[in-house]
$ cat data_9.cif   # mmCIF, C-alpha atoms
data_input
#
loop_
_atom_site.label_atom_id
_atom_site.label_comp_id
_atom_site.auth_asym_id
_atom_site.auth_seq_id
_atom_site.Cartn_x
_atom_site.Cartn_y
_atom_site.Cartn_z
CA MET G 1 -11.02 -27.09 -24.15
CA GLU G 2 -10.74 -24.27 -21.61
CA MET G 3 -7.95 -21.79 -22.17
CA PRO G 4 -5.49 -21.49 -19.26
CA LEU G 5 -5.17 -18.29 -17.31
CA ARG G 6 -2.33 -16.41 -19.01
CA MET G 7 -0.19 -14.34 -16.66
CA GLY G 8 2.58 -11.96 -17.71
CA ILE G 9 5.11 -10.99 -15.03
CA VAL G 10 7.29 -7.88 -15.27
CA LEU G 11 10.17 -7.52 -12.80
CA MET G 12 11.17 -4.03 -11.77
CA PRO G 13 14.81 -3.28 -10.87
CA GLN G 14 15.50 -4.12 -7.20
CA PHE G 15 12.37 -6.25 -6.97
CA THR G 16 12.11 -8.55 -3.96
CA LEU G 17 12.15 -12.30 -4.44
CA GLY G 18 9.55 -12.56 -1.68
CA ALA G 19 7.08 -10.61 -3.81
CA LEU G 20 7.65 -12.86 -6.81
CA ALA G 21 7.59 -16.14 -4.88
CA PRO G 22 3.84 -16.52 -4.17
CA PHE G 23 3.00 -16.07 -7.86
CA ALA G 24 5.76 -18.36 -9.11
CA ASP G 25 5.07 -21.03 -6.48
CA MET G 26 1.29 -21.09 -6.89
CA VAL G 27 1.50 -21.32 -10.68
CA GLY G 28 4.13 -24.05 -10.46
CA LEU G 29 2.09 -26.16 -8.03
CA LEU G 30 -1.28 -25.92 -9.77
CA PRO G 31 -2.41 -29.28 -11.15
CA SER G 32 -3.16 -29.83 -14.82
CA GLY G 33 -6.71 -29.52 -16.10
CA SER G 34 -8.94 -32.40 -17.18
CA ASP G 35 -7.31 -32.35 -20.63
CA GLU G 36 -3.80 -32.40 -19.09
CA GLN G 37 -3.29 -28.78 -20.10
CA PRO G 38 -1.96 -26.34 -17.48
CA LEU G 39 -4.57 -24.35 -15.59
CA CYS G 40 -2.32 -21.30 -15.62
CA THR G 41 0.77 -20.19 -17.51
CA ALA G 42 3.17 -17.47 -16.42
CA GLU G 43 5.86 -15.77 -18.48
CA ILE G 44 8.43 -13.25 -17.26
CA VAL G 45 8.65 -10.54 -19.93
CA ALA G 46 10.48 -7.24 -20.37
CA ASP G 47 11.33 -4.65 -23.01
CA THR G 48 14.86 -6.11 -23.21
CA LEU G 49 16.36 -9.50 -22.39
CA ILE G 50 18.92 -7.96 -20.03
CA PRO G 51 18.87 -9.76 -16.64
CA VAL G 52 16.88 -7.94 -13.94
CA ARG G 53 18.69 -7.64 -10.61
CA SER G 54 16.70 -8.25 -7.44
CA ALA G 55 17.23 -6.46 -4.14
CA ASN G 56 19.49 -9.28 -2.88
CA GLY G 57 21.57 -9.37 -6.07
CA THR G 58 19.96 -12.39 -7.72
CA GLN G 59 19.48 -11.81 -11.43
CA ILE G 60 16.64 -13.23 -13.52
CA VAL G 61 16.67 -13.26 -17.31
CA PRO G 62 13.26 -12.47 -18.86
CA GLU G 63 11.80 -15.32 -20.91
CA GLY G 64 10.61 -13.06 -23.68
CA LEU G 65 9.95 -9.53 -24.85
CA LEU G 66 6.78 -7.60 -24.03
CA GLY G 67 5.18 -8.34 -27.39
CA GLU G 68 1.40 -8.30 -27.79
CA ALA G 69 -0.14 -7.22 -24.49
CA ALA G 70 -3.52 -8.77 -25.26
CA ARG G 71 -2.06 -12.29 -25.06
CA PHE G 72 -2.22 -12.04 -21.27
CA ASP G 73 -5.27 -12.09 -19.02
CA CYS G 74 -3.32 -10.57 -16.16
CA VAL G 75 -0.11 -8.54 -15.96
CA VAL G 76 1.79 -8.53 -12.66
CA LEU G 77 4.39 -5.85 -11.92
CA VAL G 78 6.77 -7.01 -9.19
CA GLY G 79 8.37 -4.19 -7.23
CA GLY G 80 10.52 -3.97 -4.14
CA ALA G 81 10.86 -2.33 -0.76
CA GLN G 82 12.23 0.97 -2.05
CA ALA G 83 10.27 3.53 -4.04
CA PRO G 84 11.67 3.55 -7.60
CA GLU G 85 13.29 6.65 -9.00
CA PRO G 86 11.22 8.64 -11.52
CA GLY G 87 11.72 7.13 -14.95
CA ALA G 88 12.85 3.74 -13.60
CA ALA G 89 10.25 2.19 -15.91
CA SER G 90 10.74 2.86 -19.61
CA THR G 91 8.29 4.78 -21.78
CA GLY G 92 7.87 1.58 -23.78
CA LEU G 93 6.68 -0.27 -20.68
CA HIS G 94 4.18 2.50 -19.90
CA VAL G 95 2.79 2.27 -23.44
CA TRP G 96 2.59 -1.52 -23.20
CA LEU G 97 0.77 -1.37 -19.86
CA ARG G 98 -1.79 1.02 -21.32
CA GLN G 99 -2.29 -1.40 -24.21
CA ALA G 100 -2.84 -4.19 -21.70
CA ALA G 101 -5.42 -2.08 -19.88
CA ARG G 102 -7.30 -1.34 -23.12
CA ALA G 103 -7.29 -5.09 -23.87
CA GLY G 104 -9.08 -5.73 -20.57
CA CYS G 105 -6.16 -7.24 -18.67
CA HIS G 106 -6.11 -7.14 -14.90
CA LEU G 107 -3.10 -5.04 -13.86
CA VAL G 108 -1.44 -5.94 -10.58
CA GLY G 109 1.12 -3.77 -8.78
CA LEU G 110 3.11 -5.42 -5.99
CA CYS G 111 5.00 -3.36 -3.40
CA SER G 112 6.66 -0.31 -5.02
CA ALA G 113 5.36 -1.22 -8.51
CA VAL G 114 2.35 0.94 -7.66
CA PHE G 115 4.55 3.90 -8.66
CA VAL G 116 4.89 2.48 -12.19
CA LEU G 117 1.14 2.06 -12.60
CA ALA G 118 0.61 5.61 -11.36
CA GLU G 119 3.27 7.00 -13.74
CA ALA G 120 1.52 5.25 -16.62
CA GLY G 121 -1.77 6.97 -15.67
CA LEU G 122 -3.42 3.65 -14.87
CA LEU G 123 -4.52 4.41 -11.31
CA ASP G 124 -6.23 7.76 -11.95
CA GLY G 125 -9.43 7.95 -9.93
CA ARG G 126 -8.81 4.57 -8.30
CA ARG G 127 -8.06 3.40 -4.77
CA LEU G 128 -4.73 1.69 -4.21
CA SER G 129 -2.82 -0.08 -1.47
CA LEU G 130 0.28 1.89 -0.51
CA ASN G 131 3.05 0.92 1.86
CA ALA G 132 3.11 3.55 4.60
CA ALA G 133 6.86 3.97 4.10
CA HIS G 134 6.18 4.97 0.47
CA TRP G 135 3.52 7.56 1.33
CA PRO G 136 5.78 10.65 1.47
CA ALA G 137 7.45 9.87 -1.87
CA PHE G 138 4.14 9.01 -3.52
CA VAL G 139 2.26 12.16 -2.50
CA GLN G 140 5.22 14.29 -3.51
CA ARG G 141 5.50 12.64 -6.92
CA PHE G 142 1.76 12.38 -7.59
CA PRO G 143 0.10 15.36 -5.87
CA ALA G 144 -3.09 14.98 -7.94
CA PHE G 145 -4.08 11.83 -6.03
CA GLU G 146 -6.72 12.47 -3.39
CA PRO G 147 -6.12 11.18 0.15
CA TRP G 148 -9.12 8.83 -0.06
CA GLN G 149 -7.40 6.96 -2.90
CA LEU G 150 -4.28 6.08 -0.90
CA ILE G 151 -5.02 3.17 1.42
CA THR G 152 -2.27 2.46 3.94
CA ASP G 153 -4.27 0.41 6.43
CA ARG G 154 -4.97 -2.44 4.01
CA LEU G 155 -2.31 -4.57 2.38
CA HIS G 156 -4.48 -5.53 -0.57
CA VAL G 157 -6.90 -3.36 -2.57
CA GLN G 158 -8.85 -4.14 -5.74
CA ASP G 159 -10.53 -1.36 -7.71
CA GLY G 160 -12.01 -2.69 -10.93
CA ARG G 161 -9.27 -4.35 -12.95
CA ARG G 162 -6.50 -2.80 -10.86
CA ILE G 163 -5.10 -4.77 -7.94
CA THR G 164 -2.42 -3.35 -5.67
CA CYS G 165 -0.62 -4.96 -2.76
CA ALA G 166 1.65 -3.10 -0.35
CA GLY G 167 3.54 -6.26 0.59
CA GLY G 168 3.60 -8.83 3.35
CA THR G 169 3.69 -12.59 2.87
CA GLY G 170 0.02 -13.18 3.67
CA ALA G 171 -1.20 -10.28 1.56
CA LEU G 172 0.89 -11.30 -1.44
CA LEU G 173 -0.54 -14.80 -1.27
CA GLU G 174 -4.02 -13.35 -0.89
CA THR G 175 -3.44 -11.26 -4.01
CA VAL G 176 -2.49 -14.20 -6.22
CA LEU G 177 -5.39 -16.22 -4.80
CA GLN G 178 -7.84 -13.45 -5.66
CA ILE G 179 -6.64 -13.61 -9.27
CA LEU G 180 -6.70 -17.39 -9.46
CA ARG G 181 -10.16 -17.71 -7.90
CA ARG G 182 -11.67 -15.70 -10.75
CA HIS G 183 -10.51 -18.20 -13.35
CA LEU G 184 -9.66 -21.56 -11.84
CA PRO G 185 -11.46 -24.38 -9.98
CA ALA G 186 -11.25 -24.26 -6.19
CA GLN G 187 -9.91 -27.80 -6.01
CA GLY G 188 -6.85 -26.92 -8.06
CA ILE G 189 -6.12 -23.89 -5.87
CA ARG G 190 -6.48 -25.97 -2.70
CA GLN G 191 -4.06 -28.54 -4.11
CA ALA G 192 -1.45 -25.87 -4.80
CA LEU G 193 -1.87 -24.46 -1.28
CA LEU G 194 -1.43 -27.95 0.12
CA GLY G 195 1.83 -28.21 -1.79
CA LEU G 196 2.96 -25.00 -0.13
CA GLN G 197 1.84 -26.27 3.29
CA GLN G 198 -0.16 -23.06 3.44
CA ALA G 199 -3.68 -22.37 4.65
CA GLU G 200 -5.76 -19.81 2.81
CA PRO G 201 -5.16 -16.37 4.32
CA GLY G 202 -7.99 -14.31 5.68
CA PRO G 203 -8.85 -10.77 4.64
CA GLY G 204 -5.96 -8.30 4.44
CA ALA G 205 -4.68 -7.34 7.84
CA LEU G 206 -4.74 -3.88 9.29
CA LEU G 207 -1.31 -2.30 9.46
CA ALA G 208 -1.80 1.23 10.70
CA PRO G 209 -4.52 3.84 10.98
CA ALA G 210 -5.67 5.26 7.68
CA PRO G 211 -4.57 8.84 6.98
CA ARG G 212 -7.16 11.37 8.09
CA PRO G 213 -7.93 13.83 5.29
CA GLU G 214 -9.89 16.97 6.02
CA LEU G 215 -13.61 16.68 5.40
CA HIS G 216 -13.77 19.95 3.52
CA PRO G 217 -11.61 21.11 0.58
CA VAL G 218 -8.38 22.85 1.51
CA PRO G 219 -5.51 24.14 -0.65
CA PRO G 220 -3.28 21.38 -2.07
CA ALA G 221 -0.23 22.49 -0.06
CA LEU G 222 -2.21 22.26 3.17
CA GLN G 223 -3.66 18.87 2.27
CA ARG G 224 -0.19 17.50 1.53
CA ALA G 225 1.07 18.93 4.81
CA LEU G 226 -1.76 17.19 6.68
CA VAL G 227 -0.94 13.92 4.96
CA LEU G 228 2.71 14.23 5.99
CA ILE G 229 1.74 15.07 9.56
CA GLU G 230 -0.35 11.89 9.72
CA GLN G 231 2.41 9.84 8.13
CA TYR G 232 5.05 11.13 10.56
CA ALA G 233 2.79 11.18 13.61
CA ALA G 234 5.37 9.31 15.71
CA GLN G 235 8.29 11.43 14.45
CA PRO G 236 6.92 14.92 13.80
CA LEU G 237 8.60 16.94 11.10
CA SER G 238 9.90 20.37 12.01
CA ALA G 239 8.00 23.36 10.61
CA ASP G 240 10.91 24.11 8.29
CA HIS G 241 11.06 20.55 6.98
CA LEU G 242 7.28 20.34 6.57
CA ALA G 243 7.16 23.59 4.61
CA GLU G 244 10.05 22.46 2.42
CA ARG G 245 8.32 19.16 1.67
CA VAL G 246 5.16 20.89 0.42
CA GLY G 247 6.97 23.68 -1.43
CA VAL G 248 5.94 26.78 0.53
CA SER G 249 7.52 29.06 3.13
CA VAL G 250 7.05 28.38 6.84
CA ARG G 251 5.12 31.63 7.24
CA HIS G 252 2.77 30.75 4.37
CA LEU G 253 2.20 27.26 5.73
CA GLN G 254 1.39 28.59 9.20
CA ARG G 255 -1.04 31.05 7.64
CA LEU G 256 -2.78 28.22 5.75
CA PHE G 257 -3.23 26.26 8.98
CA ARG G 258 -4.52 29.31 10.82
CA GLU G 259 -6.95 30.43 8.10
CA HIS G 260 -8.39 27.03 7.17
CA LEU G 261 -8.14 25.06 10.41
CA GLY G 262 -7.83 27.67 13.14
CA SER G 263 -4.81 25.73 14.35
CA SER G 264 -1.07 25.34 13.87
CA PRO G 265 1.10 22.60 12.39
CA GLN G 266 2.34 21.76 15.89
CA ALA G 267 -1.21 21.35 17.25
CA GLN G 268 -2.15 19.14 14.31
CA ALA G 269 0.96 17.03 14.91
CA ARG G 270 -0.02 16.52 18.57
CA ALA G 271 -3.52 15.50 17.53
CA ALA G 272 -2.14 13.06 14.94
CA ARG G 273 0.12 11.48 17.54
CA LEU G 274 -2.84 11.07 19.89
CA ARG G 275 -4.90 9.41 17.13
CA LEU G 276 -2.01 7.04 16.43
CA LEU G 277 -1.88 6.12 20.11
CA GLU G 278 -5.66 5.57 20.24
CA TRP G 279 -5.45 3.28 17.21
CA LYS G 280 -2.63 1.21 18.68
CA LEU G 281 -4.40 0.93 22.03
CA ARG G 282 -7.48 -0.36 20.22
CA HIS G 283 -5.82 -2.70 17.71
CA THR G 284 -2.63 -3.99 19.37
CA ARG G 285 -1.54 -5.53 22.65
CA MET G 286 1.71 -3.63 22.90
CA PRO G 287 2.76 -2.80 26.49
CA LEU G 288 2.24 0.85 27.40
CA SER G 289 5.98 1.45 27.75
CA VAL G 290 6.51 0.20 24.19
CA LEU G 291 3.60 2.24 22.89
CA ALA G 292 5.06 5.42 24.36
CA ALA G 293 8.26 5.04 22.34
CA ASP G 294 6.41 3.73 19.28
CA CYS G 295 4.14 6.79 19.21
CA GLY G 296 6.88 9.35 19.79
CA TYR G 297 6.31 10.24 23.46
CA ALA G 298 9.27 10.94 25.72
CA ASP G 299 8.20 8.18 28.13
CA ALA G 300 5.10 6.43 29.49
CA ALA G 301 4.43 9.25 31.99
CA HIS G 302 4.45 11.86 29.21
CA MET G 303 2.08 9.68 27.19
CA ALA G 304 -0.27 9.21 30.15
CA ARG G 305 -0.43 12.97 30.87
CA SER G 306 -1.22 13.79 27.24
CA PHE G 307 -3.83 11.05 26.97
CA ARG G 308 -5.52 11.95 30.26
CA ALA G 309 -5.73 15.61 29.22
CA ALA G 310 -7.63 14.56 26.08
CA HIS G 311 -9.78 11.72 27.45
CA GLY G 312 -9.91 12.13 31.23
CA VAL G 313 -8.59 8.60 31.81
CA THR G 314 -5.26 6.82 31.51
CA PRO G 315 -4.33 4.90 28.35
CA GLY G 316 -4.61 1.60 30.24
CA ALA G 317 -8.11 2.37 31.53
CA TRP G 318 -9.22 3.49 28.07
CA ARG G 319 -7.88 0.27 26.49
CA ARG G 320 -9.73 -1.87 29.07
CA GLN G 321 -12.96 -0.01 28.38
CA VAL G 322 -12.57 -0.52 24.63
CA GLN G 323 -12.02 -4.26 25.15
CA ASP G 324 -15.03 -4.47 27.47
CA ASP G 325 -17.17 -2.75 24.85
CA LYS G 326 -15.98 -5.22 22.19
CA ASN G 327 -16.76 -8.20 24.40
CA ALA G 328 -20.21 -6.86 25.13
CA VAL G 329 -21.17 -6.76 21.45
#
$ encode --input "data_9.cif" --output "structure tokens"
Amino acid sequence: MEMPLRMGIVLMPQFTLGALAPFADMVGLLPSGSDEQPLCTAEIVADTLIPVRSANGTQIVPEGLLGEAARFDCVVLVGGAQAPEPGAASTGLHVWLRQAARAGCHLVGLCSAVFVLAEAGLLDGRRLSLNAAHWPAFVQRFPAFEPWQLITDRLHVQDGRRITCAGGTGALLETVLQILRRHLPAQGIRQALLGLQQAEPGPGALLAPAPRPELHPVPPALQRALVLIEQYAAQPLSADHLAERVGVSVRHLQRLFREHLGSSPQAQARAARLRLLEWKLRHTRMPLSVLAADCGYADAAHMARSFRAAHGVTPGAWRRQVQDDKNAV
């Protein structure tokens, strides 16, 4: 008799019901195996049996305590839309998660639960999917992470036995499917999807351009400043705010830019805004007037002047050329 896939689910305070739903629904709709045993079991566990409040106020009582981590094949941390405060997860949960990792469990972080996995030291040296809105808080809290590890242009990333998902209905479903496909027959998964009236999602969708780290090593304060500039390309931070965020004086930050990049924070911000515009021209069909506001330009005329100065053509002409090149391939 085959053992069912055993899934442990941990709800973080202010978790979103939408993040929990694909896991709960898929497990509930899976058919029984040939021996009438469930293909997958799921148990909501916690370090106390106190109800966990979701972002909309709904409370869910855990079914059991954390217990022996090795009893699960997969542990899913369900987060929410807001980055959790430091220490939101207990030390006991961190210890338990590390035990689960040593036992060979797959560890899954949904939405803001990626912060909990990082706090527990379980994402060191690994790539992870990070909601772009969480980027500033994450790089400030975990400055040791390298920019290449933080993936904001994919909703779903697997690195070994770590799976992270930044959110989004399709990506969350894709995440649970990736787990189920490793253990369960395809027919059972298709039957559950049919019950949901849901087709299998394709690969994780692009959300935004990936942050652009420098190709050569630079001081940590400068690297964090560059990350923030990319993150706030459409709403540039003032020099004072940028320096405060990375923990140095404005004068020191300007010196770092000048010495290592031969540039200024303002010039880097303009370049980041232009890269954001290029990406949106290539990957979206937004009208130019909408793109101007979306990318932080005063109006479409301001956007066109800036783009023409860099590329010698208007944004519309550049977009048409890109589409022609795609069609020619």
$ resolve_selection --input "data_9.cif" --expression "the PyMOL selection byres ((chain G and resi 105) around 10)" --output "MDAnalysis selection string"
chainID G and resid 6:8 69:75 97:104 106:108 161:162
$ closest_residue --input "data_9.cif" --among "G:Leu256, G:Ala293, G:Ala81, G:Ala186" --to "Gln235 of chain G" --atoms "all atoms listed in the file"
G:Ala293
$ atom_distance --input "data_9.cif" --atom1 "atom CA of Leu226 of chain G" --atom2 "atom CA of Gln268 of chain G"
7.9 Å
$ resolve_selection --input "data_9.cif" --expression "the PyMOL selection byres ((chain G and resi 168-174) around 6)" --output "mmCIF file with C-alpha atoms, in the coordinates of the input"
data_model
loop_
_atom_site.group_PDB
_atom_site.id
_atom_site.type_symbol
_atom_site.label_atom_id
_atom_site.label_comp_id
_atom_site.auth_asym_id
_atom_site.auth_seq_id
_atom_site.Cartn_x
_atom_site.Cartn_y
_atom_site.Cartn_z
ATOM 1 C CA PRO G 22 3.840 -16.520 -4.170
ATOM 2 C CA LEU G 155 -2.310 -4.570 2.380
ATOM 3 C CA GLY G 167 3.540 -6.260 0.590
ATOM 4 C CA THR G 175 -3.440 -11.260 -4.010
ATOM 5 C CA VAL G 176 -2.490 -14.200 -6.220
ATOM 6 C CA LEU G 177 -5.390 -16.220 -4.800
ATOM 7 C CA GLY G 204 -5.960 -8.300 4.440
#
$ residues_around --input "data_9.cif" --residues "segment 36-49 of chain G" --least-positions-apart "4" --cutoff "7 Å" --atoms "all atoms listed in the file" --output "list in words"
Pro4, Leu5, Arg6, Met7, Gly8, Ile9, Val10, Val27, Leu30, Pro31, Ser32, Val61, Pro62, Glu63, Gly64, Leu65, Leu66, Leu93 and Leu184 of chain G
$ write_last_selection --input "data_9.cif" --atoms "C-alpha atoms" --output "PDB file, in the frame of the given file"
ATOM      1  CA  PRO G   4      -5.490 -21.490 -19.260  1.00  0.00           C
ATOM      2  CA  LEU G   5      -5.170 -18.290 -17.310  1.00  0.00           C
ATOM      3  CA  ARG G   6      -2.330 -16.410 -19.010  1.00  0.00           C
ATOM      4  CA  MET G   7      -0.190 -14.340 -16.660  1.00  0.00           C
ATOM      5  CA  GLY G   8       2.580 -11.960 -17.710  1.00  0.00           C
ATOM      6  CA  ILE G   9       5.110 -10.990 -15.030  1.00  0.00           C
ATOM      7  CA  VAL G  10       7.290  -7.880 -15.270  1.00  0.00           C
ATOM      8  CA  VAL G  27       1.500 -21.320 -10.680  1.00  0.00           C
ATOM      9  CA  LEU G  30      -1.280 -25.920  -9.770  1.00  0.00           C
ATOM     10  CA  PRO G  31      -2.410 -29.280 -11.150  1.00  0.00           C
ATOM     11  CA  SER G  32      -3.160 -29.830 -14.820  1.00  0.00           C
ATOM     12  CA  VAL G  61      16.670 -13.260 -17.310  1.00  0.00           C
ATOM     13  CA  PRO G  62      13.260 -12.470 -18.860  1.00  0.00           C
ATOM     14  CA  GLU G  63      11.800 -15.320 -20.910  1.00  0.00           C
ATOM     15  CA  GLY G  64      10.610 -13.060 -23.680  1.00  0.00           C
ATOM     16  CA  LEU G  65       9.950  -9.530 -24.850  1.00  0.00           C
ATOM     17  CA  LEU G  66       6.780  -7.600 -24.030  1.00  0.00           C
ATOM     18  CA  LEU G  93       6.680  -0.270 -20.680  1.00  0.00           C
ATOM     19  CA  LEU G 184      -9.660 -21.560 -11.840  1.00  0.00           C
TER      20      LEU G 184
END
$ atom_distance --input "data_9.cif" --atom1 "atom CA of Gly312 of chain G" --atom2 "atom CA of Glu278 of chain G"
13.5 Å
$ residues_around --input "data_9.cif" --residues "Ala301 of chain G" --least-positions-apart "3" --cutoff "12 Å" --atoms "all atoms listed in the file" --output "NGL selection string"
:G and (288-289 or 291-293 or 297-298 or 304-308 or 314-316)
$ write_last_selection --input "data_9.cif" --atoms "C-alpha atoms" --output "short mmCIF file (atom, residue, chain, number, x, y, z; two decimals), in the coordinates of the input"
data_model
loop_
_atom_site.label_atom_id
_atom_site.label_comp_id
_atom_site.auth_asym_id
_atom_site.auth_seq_id
_atom_site.Cartn_x
_atom_site.Cartn_y
_atom_site.Cartn_z
CA LEU G 288 2.24 0.85 27.40
CA SER G 289 5.98 1.45 27.75
CA LEU G 291 3.60 2.24 22.89
CA ALA G 292 5.06 5.42 24.36
CA ALA G 293 8.26 5.04 22.34
CA TYR G 297 6.31 10.24 23.46
CA ALA G 298 9.27 10.94 25.72
CA ALA G 304 -0.27 9.21 30.15
CA ARG G 305 -0.43 12.97 30.87
CA SER G 306 -1.22 13.79 27.24
CA PHE G 307 -3.83 11.05 26.97
CA ARG G 308 -5.52 11.95 30.26
CA THR G 314 -5.26 6.82 31.51
CA PRO G 315 -4.33 4.90 28.35
CA GLY G 316 -4.61 1.60 30.24
#
$ closest_residue --input "data_9.cif" --among "G:Ala166, G:Ile229, G:Met26, G:Ala19" --to "Arg190 of chain G" --atoms "only C-alpha atoms"
G:Met26
$ resolve_selection --input "data_9.cif" --expression "the PyMOL selection byres ((chain G and resi 163) around 10)" --output "ChimeraX atom specification"
/G:76,106-110,114,123,127-129,156-162,164-165,175-176,178-179
$ residues_around --input "data_9.cif" --residues "Arg282 of chain G" --least-positions-apart "2" --cutoff "9 Å" --atoms "all atoms listed in the file" --output "VMD selection string"
chain G and resid 277 to 280 284 to 285 318 to 319 322 to 323
$ write_last_selection --input "data_9.cif" --atoms "C-alpha atoms" --output "PDB file, in the coordinates of the input"
ATOM      1  CA  LEU G 277      -1.880   6.120  20.110  1.00  0.00           C
ATOM      2  CA  GLU G 278      -5.660   5.570  20.240  1.00  0.00           C
ATOM      3  CA  TRP G 279      -5.450   3.280  17.210  1.00  0.00           C
ATOM      4  CA  LYS G 280      -2.630   1.210  18.680  1.00  0.00           C
ATOM      5  CA  THR G 284      -2.630  -3.990  19.370  1.00  0.00           C
ATOM      6  CA  ARG G 285      -1.540  -5.530  22.650  1.00  0.00           C
ATOM      7  CA  TRP G 318      -9.220   3.490  28.070  1.00  0.00           C
ATOM      8  CA  ARG G 319      -7.880   0.270  26.490  1.00  0.00           C
ATOM      9  CA  VAL G 322     -12.570  -0.520  24.630  1.00  0.00           C
ATOM     10  CA  GLN G 323     -12.020  -4.260  25.150  1.00  0.00           C
TER      11      GLN G 323
END
$ atom_distance --input "data_9.cif" --atom1 "atom CA of Val116 of chain G" --atom2 "atom CA of Ala234 of chain G"
28.7 Å
$ residues_near_point --input "data_9.cif" --point "(2.0, 8.6, 9.9)" --cutoff "8 Å" --atoms "only C-alpha atoms" --output "mmCIF file with C-alpha atoms, in the frame of the given file"
data_model
loop_
_atom_site.group_PDB
_atom_site.id
_atom_site.type_symbol
_atom_site.label_atom_id
_atom_site.label_comp_id
_atom_site.auth_asym_id
_atom_site.auth_seq_id
_atom_site.Cartn_x
_atom_site.Cartn_y
_atom_site.Cartn_z
ATOM 1 C CA ALA G 132 3.110 3.550 4.600
ATOM 2 C CA PRO G 211 -4.570 8.840 6.980
ATOM 3 C CA VAL G 227 -0.940 13.920 4.960
ATOM 4 C CA LEU G 228 2.710 14.230 5.990
ATOM 5 C CA ILE G 229 1.740 15.070 9.560
ATOM 6 C CA GLU G 230 -0.350 11.890 9.720
ATOM 7 C CA GLN G 231 2.410 9.840 8.130
ATOM 8 C CA TYR G 232 5.050 11.130 10.560
ATOM 9 C CA ALA G 233 2.790 11.180 13.610
ATOM 10 C CA ALA G 234 5.370 9.310 15.710
ATOM 11 C CA ALA G 272 -2.140 13.060 14.940
ATOM 12 C CA LEU G 276 -2.010 7.040 16.430
#
$ closest_residue --input "data_9.cif" --among "G:Val139, G:Ala267, G:Val218, G:Leu194" --to "Ala239 of chain G" --atoms "only C-alpha atoms"
G:Ala267
$ closest_residue --input "data_9.cif" --among "G:Thr16, G:Pro236, G:Arg251, G:Pro220" --to "Arg273 of chain G" --atoms "only C-alpha atoms"
G:Pro236
$ closest_residue --input "data_9.cif" --among "G:Asn131, G:Ser264, G:Thr91, G:Ser112" --to "Phe15 of chain G" --atoms "only C-alpha atoms"
G:Ser112
$ closest_residue --input "data_9.cif" --among "G:Leu281, G:His260, G:Phe145, G:Ala300" --to "Gln321 of chain G" --atoms "all atoms listed in the file"
G:Leu281
